[in-house]
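Comments concern the structure below.
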Amino acid sequence: MTLVAGLRAASYGVPFQPVGGVHGSDLAALNGWQTVTDPYGSGKEVYVIPAIAPDIAVMHAAEIDVDGNARVYGSPFWDHVLTRAAKRVFVTAERLVPTDVLRAQPELTLVPGFMVEAFAVVPGGAWPGSMHPYYDVDYPAVEAYMKDEPGVLEAHLAAAPEKQDQQQENEGRKGKSEDAKEIQ
Amino acid sequence: MSTWTPSSYIIVNLARQIRPEEIAFSGVNSTLPMLACLLAKRAYDFHYTYINVAGGVEPQPTKIPLSSSDPAIVAGSPAIFANQDFYDLCARGGLDLVYLGCAQIDAEGRTNVSVIGSWENPRVRLPGGGGAAVMLPTAKRVVTWRTEHSSRVLVDKLDFVTAAGNMATLVTPLGVFQRDTRPGARFRLESWNPDFDVAHIARQTGFAFDAAAARPTEPMSVREREALAQLDPEGRLSGG
């Protein structure tokens with residue numbers, strides 16, 4: 001939440017952001033967070049968090065058009081504040097769609113294309129995480145990755161969706177992401 | 001022996017903290033509170049509002065994910081109330097009951113989720129507060145839980161104070177502790193798991209506590225048992 005406050009300060013274009021709570025936490029001294037007293041006379045003392053402006057925000061969207069308008073279904077989590085706070089925005093997306101798809105429901109576009117510097121269409125790009133509504137968390141892949149033994153990272157990378165697709169293409173079979181490729 | 005497992009004891013006693021008409025919230029890495037909130041919807045007749053960290057309001061998931069922040073938990077929600085929305089709701093005093101985790105907790109309900117050892121020279125670097133420093137002082141009541149009840153978890157002095165404030169309840173496999181949310185108030189033992197006794201709990205606890213009014217924990221009701229069986233039919237999350 002203090003991180004969100006810092007990102008909000010950057011997105012609002014101000015040097016710091018007041019935030020509720022924090023009183024009694026060692027994090028304040030550790031991070032050098034200061035308090036201000038309400039200048040409007042309530043007497044309340046409020047912590048203020050300095051602005052955090054990431055150089056680059058990278059987010060994964062459900063759909064994107066050629067202009068970089070990016071649609072997210074379900075909860076936006078931190079994508080909204082991150083893309084507003086960052087100096088540059090890069091997007092990956094599950095699939096490319098015609099702009100008319102976005103025009104039909106513009107309220108689902110989380111990031112307008114003018115804010116997006118570059119994008120790539122990456123089917124399965126959230127793996128082993130989930131991408132609503134396309135796929136769920138791949139729990140077996142996460143559990144395999146958490147083992148502390150040699151070769152785990154290599155096995156994890158080899159199990160990625162794009163590697164599986166490559167392998168299937170090499171073997172001349174149909175890949176799981178055939179639909180997405182047709183749209184491209 | 002009772003029929004409690006350590007996990008079922010925690011889940012049901014977390015669920016019992018919810019009061020009618022409250023707005024309750026469960027966060028990341030909080031599978032037991034997530035199950036508690038879903039259990040309360042099935043086992044108790046009163047209305048309350050459940051908000052989940054994945055952005056779901058009153059979710060009706062068709063499957064219970066292993067992760068409490070899996071978007072699958074949002075299924076059936078009539079509204080999305082995402083990350084910043086529920087933090088803001090808490091900060092302005094709109095969350096009645098918040099489940100927040102801890103690595104260490106002291107008698108006054110302060111929590112450490114930052115570091116074991118010193119900050120400069122840690123033995124274990126922990127994941128961090130995830131909003132705890134804002135939520136613990138601003139939620140009306142906070143409930144926490146630990147699957148390990150030991151003197152390295154329930155400590156006399158925290159290695160680091162990540163958050164302090166309105167901690168009300170601590171549930172472990174051994175018992176349920178309550179405290180008033182005013183500053184300086186200490187945990188007292190409210191009830192204990194009948195598979196153990198108060199002397200054992202005192203030996204396992206790093207801080208002194210009042211047990212004068214404590215009694216054995218009420219057994220699982222038929223409806224609590226049925227709800228848990230519906231939510232976790234294979235005992236994957238509540239069996240151990």
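Identifiers in this document derive from the order of the structure tokens: chains are assigned A, B, ..., residues are numbered from 1 separately in each chain, and ligands are numbered from 1 in order of occurrence.
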Review point. Where does DSSP see alpha helix (DSSP H) in stretch 11-211 of chain B, if you list the residues as a PyMOL selection string?
Key: chain B and resi 11-15+31-43+83-91+132-138+198-204
Practice item. Determine, counting only C-alpha atoms, which protein, DNA and RNA residues have an atom within 10 Å of an atom of stretch 78-85 of chain B; residues of the same chain fewer than 2 positions away are not included. Present the result as a list in words. Key: Met1, Val4, Ala5, Gly74, Ser75, Pro76, Phe77, Trp78, His80 and Val81 of chain A; Gly27, Ile51, Asn52, Val53, Ala54, Gly55, Gly56, Val57, Glu58, Pro59, Gln60, Val74, Ala75, Gly76, Tyr87, Asp88, Leu89, Cys90 and Ala91 of chain B
Revision key, fill the gap. From the list A:Glu45, A:Glu149, A:Asp38, A:Glu117, the nearest residue to A:Gly68 using only C-alpha atoms is A:Glu117
Review point. Taking only C-alpha atoms into account, which of B:Phe86, B:Phe160, B:Tyr99, B:Tyr44 comes nearest chain A?
Key: B:Phe160
Counting only C-alpha atoms, what are the residues of chain A within 9 Å of chain B, and for each of them which pair of atoms is the nearest and at what distance in Å, to one decimal? Sort the table by chain and rising number, as CSV.
```
residue,atom,partner,partner_atom,distance
A:Met1,CA,B:Gly131,CA,4.7
A:Thr2,CA,B:Gly131,CA,7.0
A:Leu3,CA,B:Gly131,CA,8.5
A:Val4,CA,B:Gln84,CA,7.4
A:Val19,CA,B:Val134,CA,7.8
A:Gly20,CA,B:Ala91,CA,5.2
A:Gly21,CA,B:Val134,CA,4.2
A:Val22,CA,B:Ala133,CA,4.7
A:His23,CA,B:Pro137,CA,7.1
A:Gly24,CA,B:Ala164,CA,5.3
A:Ser25,CA,B:Ala163,CA,4.7
A:Asp26,CA,B:Val161,CA,5.2
A:Leu27,CA,B:Thr162,CA,6.2
A:Leu30,CA,B:Trp119,CA,9.0
A:Gly74,CA,B:Ile80,CA,7.0
A:Ser75,CA,B:Gly55,CA,5.6
A:Pro76,CA,B:Ala82,CA,6.6
A:Phe77,CA,B:Asn83,CA,5.4
A:Trp78,CA,B:Asn83,CA,6.8
A:Val81,CA,B:Gln84,CA,8.8
A:Gly129,CA,B:Asp70,CA,8.8
A:Ser130,CA,B:Pro71,CA,7.5
A:Met131,CA,B:Pro71,CA,8.3
A:His132,CA,B:Pro71,CA,6.9
A:Pro133,CA,B:Pro71,CA,8.9
A:Asp136,CA,B:Ala72,CA,7.3
A:Val137,CA,B:Asp70,CA,7.2
A:Tyr139,CA,B:Leu66,CA,8.2
```
Go ahead and dump the residues you just picked, C-alpha atoms, as a PDB file, in the first residue's frame.
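Output contents, as saved in part_27.pdb:
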```pdb
ATOM      1  CA  MET A   1       0.000   0.000   0.000  1.00  0.00           C
ATOM      2  CA  THR A   2       2.897   2.372   0.672  1.00  0.00           C
ATOM      3  CA  LEU A   3       4.240   1.210  -2.705  1.00  0.00           C
ATOM      4  CA  VAL A   4       0.904   2.110  -4.309  1.00  0.00           C
ATOM      5  CA  VAL A  19      -1.207   7.353   3.133  1.00  0.00           C
ATOM      6  CA  GLY A  20      -3.347   5.971   5.959  1.00  0.00           C
ATOM      7  CA  GLY A  21      -1.828   3.849   8.717  1.00  0.00           C
ATOM      8  CA  VAL A  22       1.916   3.047   9.046  1.00  0.00           C
ATOM      9  CA  HIS A  23       1.938   4.365  12.651  1.00  0.00           C
ATOM     10  CA  GLY A  24       3.860   1.984  14.914  1.00  0.00           C
ATOM     11  CA  SER A  25       5.762   0.269  12.079  1.00  0.00           C
ATOM     12  CA  ASP A  26       9.567   0.041  11.985  1.00  0.00           C
ATOM     13  CA  LEU A  27       9.285   0.414   8.199  1.00  0.00           C
ATOM     14  CA  LEU A  30      13.920   2.182   7.955  1.00  0.00           C
ATOM     15  CA  GLY A  74     -11.248  -9.367 -14.748  1.00  0.00           C
ATOM     16  CA  SER A  75      -9.261  -7.604 -12.054  1.00  0.00           C
ATOM     17  CA  PRO A  76      -6.641  -5.082 -13.251  1.00  0.00           C
ATOM     18  CA  PHE A  77      -4.565  -5.650 -10.075  1.00  0.00           C
ATOM     19  CA  TRP A  78      -1.738  -3.056 -10.284  1.00  0.00           C
ATOM     20  CA  VAL A  81      -1.376   2.596 -11.452  1.00  0.00           C
ATOM     21  CA  GLY A 129       0.795 -17.730 -13.913  1.00  0.00           C
ATOM     22  CA  SER A 130      -2.803 -17.384 -15.045  1.00  0.00           C
ATOM     23  CA  MET A 131      -4.415 -15.192 -17.694  1.00  0.00           C
ATOM     24  CA  HIS A 132      -8.104 -14.649 -17.174  1.00  0.00           C
ATOM     25  CA  PRO A 133     -10.131 -15.949 -18.971  1.00  0.00           C
ATOM     26  CA  ASP A 136      -5.398 -20.916 -14.971  1.00  0.00           C
ATOM     27  CA  VAL A 137      -2.230 -21.083 -12.875  1.00  0.00           C
ATOM     28  CA  TYR A 139       0.410 -25.341 -10.332  1.00  0.00           C
TER      29      TYR A 139
END
```
Exercise for review: Excluding stretch 97-107 of chain A and any residue of its chain fewer than 2 positions from it, enumerate the residues within 9 Å of it, using only C-alpha atoms, and give them as an MDAnalysis selection string.
Suggested key: chainID A and resid 63:67 69:71 95 109:110 183:184
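Closest to B:Val153 among B:Glu120, B:Gly206, B:Pro183, B:Leu126 is B:Gly206, based on only C-alpha atoms.
On the backbone of this structure, DSSP gives strand (DSSP E or B) within stretch 83-177 of chain B to Leu97, Val98, Tyr99, Gln104, Ile105, Thr111, Asn112, Val115, Ile116, Gly117, Pro122, Arg123, Val124, Arg125, Arg141, Val142, Val143, Thr144, Trp145, Leu154, Ala163, Met167, Ala168, Thr169, Leu170, Val171, Gly175, Val176 and Phe177 of chain B.
You will find atom CA of B:Ala229 at 26.5 Å from atom CA of B:Arg215.
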Point to revise | Pick from A:Ala29, A:Val121, A:Pro39, A:Ile56 nearest to A:Phe90, counting only C-alpha atoms | key: A:Ile56
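Between A:Gly6 and the candidates A:Ile52, A:Ser42, A:Asp138, A:Gly32, the tightest atom-to-atom separation, counting only C-alpha atoms, involves A:Ile52.
Atom pair atom CA of A:Lys44 / atom CA of B:Leu95 has a distance of 20.5 Å (rounded to one decimal).
If you look at atom CA of B:Val113 and atom CA of A:Asp148, they are 23.0 Å away from each other.
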Point to revise | Shell of 7 Å around B:Arg146, only C-alpha atoms, local chain residues under 3 positions omitted, as a PyMOL selection string | key: chain B and resi 149+171-172
Export of prior selection with N, CA and C atoms as a compact mmCIF listing (two decimals), in the first residue's frame:
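Saved as again.txt:
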```txt
# COMPACT_ATOMS: atom_id res chain seq x y z
N HIS B 149 2.62 -23.24 16.34
CA HIS B 149 2.50 -22.54 17.63
C HIS B 149 3.74 -22.85 18.44
N VAL B 171 -5.25 -17.27 15.95
CA VAL B 171 -5.68 -18.67 15.97
C VAL B 171 -4.49 -19.54 15.57
N THR B 172 -4.20 -20.54 16.39
CA THR B 172 -3.17 -21.54 16.07
C THR B 172 -3.81 -22.92 16.22
```
Exercise for review: Tell me, as JSON, numbers by chain, which residues lie within 10 Å of A:Arg8, counting only C-alpha atoms; anything in the same chain fewer than 4 positions away does not count.
Suggested key: {"A": [2, 3, 4, 12, 13, 14, 15, 16, 17, 18, 49, 50, 51, 52, 53, 81, 82, 84, 85]}
Could you save the residues just selected, with C-alpha atoms, as a PDB file, in the first residue's frame?
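Contents of the output file part.pdb:
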```pdb
ATOM      1  CA  THR A   2       2.897   2.372   0.672  1.00  0.00           C
ATOM      2  CA  LEU A   3       4.240   1.210  -2.705  1.00  0.00           C
ATOM      3  CA  VAL A   4       0.904   2.110  -4.309  1.00  0.00           C
ATOM      4  CA  TYR A  12      -0.484  12.357 -10.052  1.00  0.00           C
ATOM      5  CA  GLY A  13       2.672  14.324 -10.866  1.00  0.00           C
ATOM      6  CA  VAL A  14       3.354  15.283  -7.235  1.00  0.00           C
ATOM      7  CA  PRO A  15       6.464  14.591  -5.100  1.00  0.00           C
ATOM      8  CA  PHE A  16       4.743  12.599  -2.344  1.00  0.00           C
ATOM      9  CA  GLN A  17       1.473  10.980  -1.424  1.00  0.00           C
ATOM     10  CA  PRO A  18      -0.230  10.844   2.000  1.00  0.00           C
ATOM     11  CA  ILE A  49       5.492   8.461   0.791  1.00  0.00           C
ATOM     12  CA  PRO A  50       7.909   9.812  -1.839  1.00  0.00           C
ATOM     13  CA  ALA A  51       7.026   9.363  -5.518  1.00  0.00           C
ATOM     14  CA  ILE A  52       8.096   6.145  -7.234  1.00  0.00           C
ATOM     15  CA  ALA A  53       8.325   6.494 -11.026  1.00  0.00           C
ATOM     16  CA  VAL A  81      -1.376   2.596 -11.452  1.00  0.00           C
ATOM     17  CA  LEU A  82       1.850   1.026 -12.767  1.00  0.00           C
ATOM     18  CA  ARG A  84       0.370   5.667 -15.200  1.00  0.00           C
ATOM     19  CA  ALA A  85       3.405   5.956 -12.893  1.00  0.00           C
TER      20      ALA A  85
END
```
